[in-house]
file query33.txt (compact mmCIF, C-alpha atoms)
# COMPACT_ATOMS: atom_id res chain seq x y z
CA MET D 1 0.00 0.00 0.00
CA SER D 2 1.44 3.35 -1.07
CA LYS D 3 1.96 5.78 1.82
CA ILE D 4 2.17 9.53 1.31
CA LEU D 5 3.10 10.61 4.87
CA SER D 6 5.03 8.87 7.63
CA ILE D 7 5.02 10.20 11.19
CA ILE D 8 7.91 9.15 13.42
CA ILE D 9 7.12 9.17 17.15
CA PRO D 10 10.21 8.71 19.39
CA THR D 11 8.78 7.13 22.52
CA TYR D 12 10.22 6.94 26.02
CA ASN D 13 8.19 7.19 29.26
CA ALA D 14 5.19 8.56 27.38
CA GLU D 15 2.49 6.24 28.70
CA LYS D 16 0.28 9.01 30.08
CA PHE D 17 0.47 11.11 26.89
CA LEU D 18 0.60 8.62 24.04
CA ASN D 19 -3.09 7.79 23.77
CA LYS D 20 -3.94 11.46 23.11
CA GLY D 21 -1.21 11.71 20.51
CA LEU D 22 -2.00 8.51 18.63
CA SER D 23 -5.75 9.11 18.64
CA SER D 24 -5.14 12.50 16.98
CA PHE D 25 -4.04 10.60 13.85
CA LEU D 26 -7.43 8.89 13.55
CA VAL D 27 -8.90 10.92 10.71
CA CYS D 28 -12.68 10.50 10.40
CA ARG D 29 -15.02 11.20 7.50
CA ASP D 30 -16.39 14.12 9.51
CA THR D 31 -13.47 15.65 11.38
CA ASP D 32 -13.69 18.58 13.77
CA ALA D 33 -12.56 19.42 17.32
CA GLN D 34 -15.41 17.45 18.87
CA THR D 35 -14.59 14.42 16.75
CA ALA D 36 -10.97 14.50 17.90
CA GLN D 37 -12.06 14.58 21.55
CA HIS D 38 -14.49 11.73 20.91
CA ASN D 39 -11.76 9.65 19.21
CA CYS D 40 -9.41 10.14 22.14
CA LYS D 41 -12.10 9.09 24.60
CA MET D 42 -13.07 6.04 22.55
CA ALA D 43 -9.43 4.99 22.15
CA THR D 44 -8.80 5.41 25.87
CA GLU D 45 -11.73 3.10 26.59
CA GLY D 46 -10.75 0.66 23.84
CA ARG D 47 -13.95 1.36 21.87
CA PHE D 48 -12.27 1.69 18.48
CA GLU D 49 -15.31 0.26 16.71
CA GLU D 50 -17.15 3.52 17.48
CA ILE D 51 -14.62 5.63 15.57
CA ASP D 52 -15.83 6.48 12.06
CA ILE D 53 -12.50 6.27 10.19
CA ASP D 54 -11.85 7.89 6.81
CA LYS D 55 -10.12 4.86 5.30
CA ALA D 56 -9.04 6.69 2.13
CA ILE D 57 -6.98 9.11 4.25
CA LEU D 58 -5.76 6.58 6.78
CA ASP D 59 -4.51 4.32 3.99
CA LYS D 60 -2.09 7.10 2.99
CA LEU D 61 -0.76 7.58 6.52
CA GLU D 62 1.90 5.69 8.46
CA VAL D 63 2.56 6.28 12.16
CA ILE D 64 5.82 4.72 13.40
CA VAL D 65 6.07 4.47 17.19
CA VAL D 66 9.78 4.00 17.94
CA ASN D 67 10.09 2.28 21.30
CA ASP D 68 13.39 3.69 22.57
CA GLY D 69 13.70 1.05 25.30
CA THR D 70 10.93 2.62 27.37
CA PRO D 71 10.45 1.07 30.83
CA ASP D 72 6.76 2.05 31.15
CA LYS D 73 3.63 0.82 29.36
CA SER D 74 3.90 3.05 26.29
CA VAL D 75 4.19 0.03 24.01
CA GLU D 76 0.97 -1.44 25.42
CA VAL D 77 -0.84 1.81 24.60
CA ALA D 78 0.56 1.81 21.06
CA GLN D 79 -0.21 -1.87 20.51
CA LYS D 80 -3.97 -1.20 20.80
CA PHE D 81 -3.73 1.11 17.79
CA VAL D 82 -1.62 -1.42 15.87
CA ASP D 83 -4.18 -4.12 16.57
CA TRP D 84 -7.03 -2.04 15.15
CA TYR D 85 -5.18 -0.27 12.33
CA PRO D 86 -2.22 -2.52 11.37
CA ASP D 87 -1.83 -0.85 7.96
CA THR D 88 -1.30 2.55 9.59
CA PHE D 89 0.34 2.08 13.01
CA VAL D 90 3.69 0.35 13.45
CA ILE D 91 5.89 -0.27 16.49
CA VAL D 92 9.67 -0.42 16.06
CA ASN D 93 11.61 -1.64 19.11
CA LYS D 94 15.18 -0.66 19.90
CA THR D 95 17.53 -0.28 22.83
CA ASN D 96 17.61 3.11 24.50
CA GLY D 97 19.70 5.64 22.62
CA GLY D 98 17.89 8.93 23.05
CA HIS D 99 15.67 11.13 20.92
CA GLY D 100 18.07 11.46 17.99
CA SER D 101 18.69 7.73 17.93
CA ALA D 102 14.95 7.05 17.81
CA ILE D 103 14.53 9.44 14.86
CA ASN D 104 17.45 7.83 13.02
CA THR D 105 15.87 4.41 13.50
CA GLY D 106 12.45 5.67 12.48
CA VAL D 107 13.83 7.10 9.22
CA GLU D 108 15.13 3.65 8.31
CA HIS D 109 11.59 2.23 8.49
CA VAL D 110 9.68 5.03 6.74
CA ARG D 111 7.53 3.97 3.78
CA GLY D 112 5.89 7.35 3.08
CA LYS D 113 6.96 9.81 0.40
CA TYR D 114 7.26 12.47 3.12
CA LEU D 115 8.22 12.26 6.79
CA LYS D 116 7.65 14.28 9.93
CA VAL D 117 8.60 13.77 13.58
CA VAL D 118 6.05 14.29 16.37
CA ASP D 119 7.12 13.79 19.98
CA ALA D 120 5.18 11.24 22.03
CA ASP D 121 3.89 13.84 24.51
CA ASP D 122 2.52 16.06 21.74
CA TRP D 123 -0.26 15.58 19.21
CA VAL D 124 -1.57 16.87 15.88
CA ASP D 125 -4.64 18.79 14.79
CA THR D 126 -6.64 16.05 13.07
CA LEU D 127 -8.39 18.33 10.57
CA ALA D 128 -5.05 19.91 9.59
CA LEU D 129 -3.65 16.39 9.13
CA LYS D 130 -6.47 15.53 6.72
CA LYS D 131 -5.80 18.70 4.71
CA LEU D 132 -2.06 18.05 4.71
CA ILE D 133 -2.38 14.52 3.34
CA THR D 134 -4.63 15.80 0.56
CA THR D 135 -2.11 18.56 -0.25
CA LEU D 136 0.78 16.09 -0.32
CA GLN D 137 -1.13 13.86 -2.70
CA VAL D 138 -1.49 16.81 -5.09
CA LEU D 139 2.22 17.60 -4.83
CA GLU D 140 3.14 13.97 -5.38
CA ALA D 141 0.96 13.86 -8.50
CA ALA D 142 2.77 16.94 -9.81
CA GLN D 143 6.11 15.33 -9.08
CA GLU D 144 5.19 12.20 -11.00
CA LYS D 145 4.01 14.31 -13.94
CA GLN D 146 7.20 16.40 -14.02
CA ASP D 147 9.43 13.43 -13.23
CA THR D 148 11.39 15.60 -10.81
CA ARG D 149 11.26 16.31 -7.08
CA VAL D 150 9.00 19.30 -6.53
CA MET D 151 9.55 19.64 -2.77
CA ASP D 152 12.52 18.92 -0.49
CA ALA D 153 10.91 20.42 2.60
CA MET D 154 7.71 22.05 3.84
CA LEU D 155 7.43 24.73 6.52
CA MET D 156 4.26 24.76 8.61
CA SER D 157 2.70 26.76 11.41
CA TYR D 158 2.13 25.11 14.77
CA THR D 159 0.43 25.69 18.13
CA THR D 160 1.74 25.49 21.68
CA TYR D 161 -0.39 24.29 24.57
CA ASP D 162 0.81 25.64 27.92
CA LEU D 163 -0.03 23.33 30.84
CA GLN D 164 0.65 26.01 33.44
CA LYS D 165 -1.72 28.50 31.77
CA ALA D 166 -4.36 25.80 31.47
CA ALA D 167 -4.03 24.99 35.18
CA LYS D 168 -4.60 28.67 36.04
CA GLY D 169 -7.63 28.91 33.78
CA ASP D 170 -5.89 31.14 31.24
CA ILE D 171 -6.08 30.53 27.49
CA PRO D 172 -3.45 27.80 27.01
CA TYR D 173 -3.12 27.96 23.21
CA GLU D 174 -0.71 30.19 21.33
CA GLU D 175 -0.41 30.16 17.54
CA HIS D 176 2.99 30.30 15.85
CA LEU D 177 2.19 31.26 12.29
CA VAL D 178 4.08 31.11 9.04
CA VAL D 179 2.91 34.24 7.25
CA PRO D 180 3.36 35.75 3.77
CA GLY D 181 6.05 38.43 3.59
CA THR D 182 5.05 42.05 3.26
CA LYS D 183 8.18 44.10 3.72
CA HIS D 184 10.60 42.90 1.04
CA ASP D 185 11.11 43.17 -2.69
CA LYS D 186 7.75 42.28 -4.23
CA SER D 187 9.43 40.37 -7.05
CA VAL D 188 10.37 37.59 -4.65
CA ASP D 189 7.79 38.11 -1.92
CA ILE D 190 6.15 35.10 -0.32
CA GLN D 191 2.81 36.72 -1.00
CA ASN D 192 0.99 33.44 -1.34
CA LEU D 193 1.48 30.41 0.80
CA GLY D 194 2.60 27.47 -1.29
CA GLY D 195 5.62 27.25 -3.52
CA PRO D 196 8.01 25.95 -4.42
CA TYR D 197 10.39 28.62 -3.17
CA SER D 198 14.16 28.48 -3.36
CA SER D 199 16.27 28.47 -0.23
CA GLN D 200 17.46 31.96 -1.26
CA VAL D 201 13.91 33.31 -1.00
CA ILE D 202 13.36 31.51 2.32
CA ALA D 203 16.62 32.95 3.69
CA LYS D 204 15.59 36.46 2.61
CA HIS D 205 12.20 36.05 4.30
CA PHE D 206 13.52 34.23 7.34
CA ASP D 207 11.51 36.32 9.81
CA ASP D 208 8.27 35.64 7.94
CA VAL D 209 8.73 31.86 8.02
CA TYR D 210 10.70 31.65 11.28
CA TRP D 211 8.21 29.39 13.05
CA GLY D 212 8.18 26.97 10.16
CA LEU D 213 11.96 26.57 10.35
CA THR D 214 11.72 24.74 13.67
CA PHE D 215 11.50 21.10 14.67
CA HIS D 216 7.73 21.45 15.05
CA GLY D 217 7.24 23.15 11.70
CA ILE D 218 9.39 21.13 9.30
CA LEU D 219 8.36 18.23 7.10
CA TYR D 220 10.87 16.58 4.74
CA ASN D 221 10.73 14.69 1.48
CA THR D 222 11.86 11.19 2.47
CA ALA D 223 14.12 10.65 -0.56
CA PHE D 224 15.76 14.04 0.04
CA TYR D 225 16.32 13.40 3.76
CA ARG D 226 17.70 9.90 3.24
CA GLY D 227 19.88 11.10 0.40
CA LEU D 228 21.79 13.37 2.78
CA ALA D 229 22.75 10.30 4.88
CA HIS D 230 22.97 12.59 7.91
CA LYS D 231 22.60 10.88 11.27
CA LEU D 232 21.43 12.96 14.21
CA ALA D 233 23.55 13.01 17.36
CA GLU D 234 22.55 10.20 19.72
CA GLY D 235 22.45 10.02 23.50
CA ILE D 236 21.97 13.77 24.01
CA PHE D 237 19.21 16.37 24.13
CA TYR D 238 18.60 19.33 21.77
CA GLU D 239 19.55 17.44 18.61
CA ASP D 240 16.19 18.68 17.26
CA GLN D 241 18.14 21.86 16.42
CA GLU D 242 20.32 19.74 14.17
CA TYR D 243 17.23 18.17 12.57
CA ALA D 244 15.83 21.62 11.75
CA ALA D 245 19.05 23.24 10.54
CA VAL D 246 21.27 20.75 8.73
CA PRO D 247 18.88 19.24 6.12
CA MET D 248 17.33 22.66 5.52
CA ALA D 249 20.73 23.97 4.42
CA TYR D 250 20.63 21.54 1.50
CA ALA D 251 16.96 22.01 0.51
CA ASP D 252 16.48 23.48 -2.97
CA THR D 253 12.68 23.47 -3.16
CA ILE D 254 10.62 24.52 -0.15
CA TYR D 255 6.88 24.90 0.34
CA VAL D 256 5.23 27.21 2.89
CA TYR D 257 2.02 25.83 4.39
CA ASP D 258 0.01 27.76 6.97
CA GLU D 259 -1.79 24.89 8.68
CA GLN D 260 -1.20 24.44 12.40
CA LEU D 261 -0.63 20.70 12.35
CA TYR D 262 1.72 20.26 15.31
CA GLN D 263 0.31 20.78 18.81
CA TYR D 264 3.31 21.33 21.10
CA ARG D 265 2.87 20.77 24.83
CA ILE D 266 4.88 23.07 27.11
CA GLY D 267 4.85 24.08 30.78
CA ASP D 268 6.06 20.79 32.29
CA VAL D 269 9.06 21.33 34.59
CA SER D 270 10.36 17.87 33.68
CA GLN D 271 10.76 18.83 30.01
CA SER D 272 14.23 19.23 28.56
CA ILE D 273 13.44 22.88 27.74
CA SER D 274 12.88 23.90 31.38
CA MET D 275 15.63 26.03 32.89
CA GLU D 276 16.47 23.49 35.58
CA SER D 277 16.78 20.66 33.06
CA SER D 278 18.71 22.80 30.59
CA LEU D 279 21.32 23.94 33.12
CA LYS D 280 22.09 20.29 33.87
CA ARG D 281 22.74 19.65 30.18
CA LEU D 282 25.09 22.45 29.16
CA SER D 283 27.44 19.94 27.56
CA HIS D 284 24.55 18.79 25.34
CA TYR D 285 24.06 22.35 24.10
CA GLU D 286 27.76 22.62 23.37
CA THR D 287 27.87 19.28 21.53
CA VAL D 288 25.00 20.31 19.26
CA ILE D 289 26.56 23.74 18.63
CA ARG D 290 29.85 22.08 17.67
CA THR D 291 27.99 19.71 15.34
CA LEU D 292 26.15 22.58 13.67
CA ILE D 293 29.34 24.58 13.23
CA ALA D 294 31.19 21.56 11.84
CA GLU D 295 28.48 21.17 9.18
CA GLY D 296 29.56 24.55 7.85
CA GLY D 297 32.61 22.81 6.45
CA ASN D 298 30.30 21.43 3.76
CA SER D 299 28.85 24.83 2.86
CA GLU D 300 29.95 24.51 -0.77
CA GLU D 301 27.40 21.69 -1.08
CA PHE D 302 24.58 23.71 0.51
CA ALA D 303 21.67 24.98 -1.57
CA PRO D 304 22.21 28.58 -2.85
CA GLY D 305 20.61 30.15 0.26
CA GLY D 306 21.50 27.29 2.56
CA LYS D 307 24.50 28.94 4.18
CA GLN D 308 22.35 31.84 5.36
CA ILE D 309 19.69 29.48 6.75
CA TRP D 310 22.33 27.34 8.47
CA GLY D 311 24.09 30.42 9.83
CA ILE D 312 20.96 32.11 11.20
CA LYS D 313 19.69 28.87 12.75
CA THR D 314 23.07 28.12 14.35
CA ALA D 315 23.48 31.67 15.66
CA LYS D 316 19.95 31.60 17.09
CA PHE D 317 20.69 28.42 19.02
CA ILE D 318 23.92 29.93 20.36
CA ASP D 319 21.92 32.99 21.46
CA ASP D 320 19.50 30.68 23.28
CA TYR D 321 22.49 29.15 25.03
CA TYR D 322 23.81 32.55 26.08
CA GLN D 323 20.38 33.56 27.34
CA LEU D 324 20.14 30.40 29.44
CA CYS D 325 23.60 30.72 30.96
CA LEU D 326 23.86 34.48 31.41
CA ILE D 327 20.26 35.69 31.87
CA LYS D 328 17.97 32.85 32.99
CA ASN D 329 20.55 31.37 35.35
CA PRO D 330 20.02 33.07 38.74
CA ASP D 331 23.73 32.69 39.60
CA LYS D 332 25.10 35.45 37.41
CA LYS D 333 28.79 34.70 38.01
CA MET D 334 28.68 30.93 37.71
CA LEU D 335 29.05 30.56 33.93
CA ARG D 336 30.80 33.77 32.84
CA ASP D 337 34.21 32.11 32.37
CA ARG D 338 32.68 29.12 30.63
CA MET D 339 30.86 31.39 28.16
CA GLU D 340 34.05 33.35 27.48
CA LYS D 341 36.02 30.18 26.72
CA PHE D 342 33.27 28.69 24.59
CA THR D 343 32.91 31.92 22.60
CA SER D 344 36.66 31.87 21.95
CA GLU D 345 36.27 28.30 20.70
CA ILE D 346 33.52 29.42 18.30
CA LYS D 347 35.72 32.27 17.04
CA SER D 348 38.53 29.84 16.27
CA ALA D 349 36.22 27.25 14.69
CA ASP D 350 34.20 29.44 12.32
CA GLY D 351 34.66 33.15 11.66
CA TYR D 352 31.34 33.40 9.82
CA ILE D 353 29.32 32.14 12.79
CA TYR D 354 31.37 34.23 15.20
CA GLY D 355 30.53 37.31 13.14
CA LEU D 356 26.84 36.51 13.56
CA ILE D 357 26.98 36.08 17.34
CA GLU D 358 29.73 38.50 18.45
CA LYS D 359 27.52 41.54 19.11
CA ASN D 360 24.81 39.54 20.83
CA TYR D 361 27.33 37.83 23.06
CA LYS D 362 28.69 41.19 24.20
CA VAL D 363 25.13 42.36 24.97
CA PHE D 364 24.35 39.19 26.94
CA ARG D 365 27.61 39.58 28.87
CA MET D 366 26.80 43.21 29.70
CA LEU D 367 23.26 42.33 30.84
CA ASN D 368 24.67 39.53 32.94
CA LYS D 369 27.01 41.93 34.74
CA LEU D 370 24.04 44.22 35.34
CA HIS D 371 22.29 41.21 36.94
CA MET D 372 19.31 41.46 34.61
CA ASN D 373 16.83 38.67 35.28
CA GLU D 374 14.75 36.75 32.75
CA LYS D 375 11.49 38.59 33.49
CA VAL D 376 12.98 42.04 32.89
CA TYR D 377 14.80 40.74 29.83
CA GLN D 378 11.59 39.44 28.25
CA LYS D 379 9.16 42.15 29.38
CA VAL D 380 11.35 45.24 29.05
CA PHE D 381 14.60 44.74 27.16
CA ILE D 382 13.33 42.71 24.16
CA PRO D 383 10.31 45.00 23.46
CA MET D 384 12.64 47.99 23.70
CA VAL D 385 15.03 46.46 21.13
CA HIS D 386 12.14 45.76 18.77
CA LEU D 387 10.91 49.32 19.13
CA ILE D 388 14.38 50.73 18.36
CA ARG D 389 14.69 48.51 15.27
CA LYS D 390 11.37 49.77 13.94
call {"tool": "encode", "arguments": {"input": "query33.txt", "output": "structure tokens"}}
result
Amino acid sequence: MSKILSIIIPTYNAEKFLNKGLSSFLVCRDTDAQTAQHNCKMATEGRFEEIDIDKAILDKLEVIVVNDGTPDKSVEVAQKFVDWYPDTFVIVNKTNGGHGSAINTGVEHVRGKYLKVVDADDWVDTLALKKLITTLQVLEAAQEKQDTRVMDAMLMSYTTYDLQKAAKGDIPYEEHLVVPGTKHDKSVDIQNLGGPYSSQVIAKHFDDVYWGLTFHGILYNTAFYRGLAHKLAEGIFYEDQEYAAVPMAYADTIYVYDEQLYQYRIGDVSQSISMESSLKRLSHYETVIRTLIAEGGNSEEFAPGGKQIWGIKTAKFIDDYYQLCLIKNPDKKMLRDRMEKFTSEIKSADGYIYGLIEKNYKVFRMLNKLHMNEKVYQKVFIPMVHLIRK
């Protein structure tokens, strides 16, 4: 059976989240928000026979649950979906190797023309999934007609769901949109969502499509991704930065698609993005930064605008690292020397990247010495910078 889209789900200790995520892939003939809630409830209770599946769509979808040696009952949750929909859901078992390792393994098993990674504690918007599969089928038909690859990558909007806001009764959803450009040369403007666009256009309109150039926004052509033969770093966190930056540097044809497919759960203190967790994994940040910088040695093989995309993405991740160590960290003196040494290492390793981060590093260092905290940084300093730039 020909598959158009494969979803890779790296799974470790996700028992309490996985049912919600997997049920969100159950596309029905009539799909809306209520249907998605109903599907989740029916799946939780094992009443799959009450779910009115759209078989034509589900036949084009593959969901690969990569069991990364999880010690909990995640596999048991996934197995219920495999039992009911064996042509769509698959479990791949492996020894524990981390998030990147699970993605690498998943890529080896993909049967779909296109692939996307969704973490096991997140989910998708089911209606957006239905629209996406239909869109990919149209693109694939065009590719077959032209006998050439029409899309290396697709950039999509996504939504975050904040657990802490939900617990306080605030609106927990926040949209992160990919929008058409309005402020650049009209001859190359991304005035209409779609494509294909070259990497040069995407680089020029980076701010317009910023959210799409993230782990949650990117979808890859399987043949393109496999052709790079790039393996993500294993056994560490934050390799999702590598996933979003390295292949994109080589992408020639890129589509822009403003559907909020990915639903990203945040606000859990146990997540790798929390400050406490991040400060324990500084070496992971540094490993990923070194990997990204090393990829610059292949810049002659990048797509025409790939060096700019790679450079901006790498510099942004380094800025995030500086912000964590020098602003978010309540101990303002603790990491000053480490940041100075690491910045010197970056300067020696790649002058281009150093040129992109030098000014920002000096600003972060100054703010650190002024003992600026994260709240003031976000609420006062950043809005002031944006105002000055305007």
call {"tool": "closest_residue", "arguments": {"input": "query33.txt", "among": "D:Ile4, D:Ile202, D:Leu18, D:Leu261", "to": "Val138 in chain D", "atoms": "only C-alpha atoms"}}
result
D:Ile4
call {"tool": "closest_residue", "arguments": {"input": "query33.txt", "among": "D:Asp119, D:Asp59, D:Glu300, D:Glu286", "to": "Arg265 in chain D", "atoms": "all atoms listed in the file"}}
result
D:Asp119
call {"tool": "atom_distance", "arguments": {"input": "query33.txt", "atom1": "CA of Gly311 in chain D", "atom2": "CA of Ser348 in chain D"}}
result
15.8 Å
call {"tool": "closest_atom_pairs", "arguments": {"input": "query33.txt", "of": "range 260-339 of chain D", "to": "range 224-236 of chain D", "cutoff": "9 Å", "atoms": "all atoms listed in the file", "output": "Markdown table"}}
result
| residue | atom | partner | partner_atom | distance |
| --- | --- | --- | --- | --- |
| D:Arg281 | CA | D:Ile236 | CA | 8.6 |
| D:Ser283 | CA | D:Ile236 | CA | 9.0 |
| D:His284 | CA | D:Ile236 | CA | 5.8 |
| D:Tyr285 | CA | D:Ile236 | CA | 8.8 |
| D:Thr287 | CA | D:Ile236 | CA | 8.4 |
| D:Val288 | CA | D:Ala233 | CA | 7.7 |
| D:Thr291 | CA | D:Ala233 | CA | 8.3 |
call {"tool": "write_last_selection", "arguments": {"input": "query33.txt", "atoms": "C-alpha atoms", "output": "PDB file, keeping the file's coordinate frame"}}
result
ATOM      1  CA  ARG D 281      22.740  19.650  30.180  1.00  0.00           C
ATOM      2  CA  SER D 283      27.440  19.940  27.560  1.00  0.00           C
ATOM      3  CA  HIS D 284      24.550  18.790  25.340  1.00  0.00           C
ATOM      4  CA  TYR D 285      24.060  22.350  24.100  1.00  0.00           C
ATOM      5  CA  THR D 287      27.870  19.280  21.530  1.00  0.00           C
ATOM      6  CA  VAL D 288      25.000  20.310  19.260  1.00  0.00           C
ATOM      7  CA  THR D 291      27.990  19.710  15.340  1.00  0.00           C
TER       8      THR D 291
END
call {"tool": "residues_around", "arguments": {"input": "query33.txt", "residues": "Asp87 in chain D", "least_positions_apart": "2", "cutoff": "10 Å", "atoms": "all atoms listed in the file", "output": "list in words"}}
result
Met1, Lys3, Leu58, Asp59, Lys60, Leu61, Glu62, Val63, Val82, Asp83, Trp84, Tyr85, Phe89 and Val90 of chain D
call {"tool": "atom_distance", "arguments": {"input": "query33.txt", "atom1": "CA of Val201 in chain D", "atom2": "CA of Tyr255 in chain D"}}
result
11.0 Å
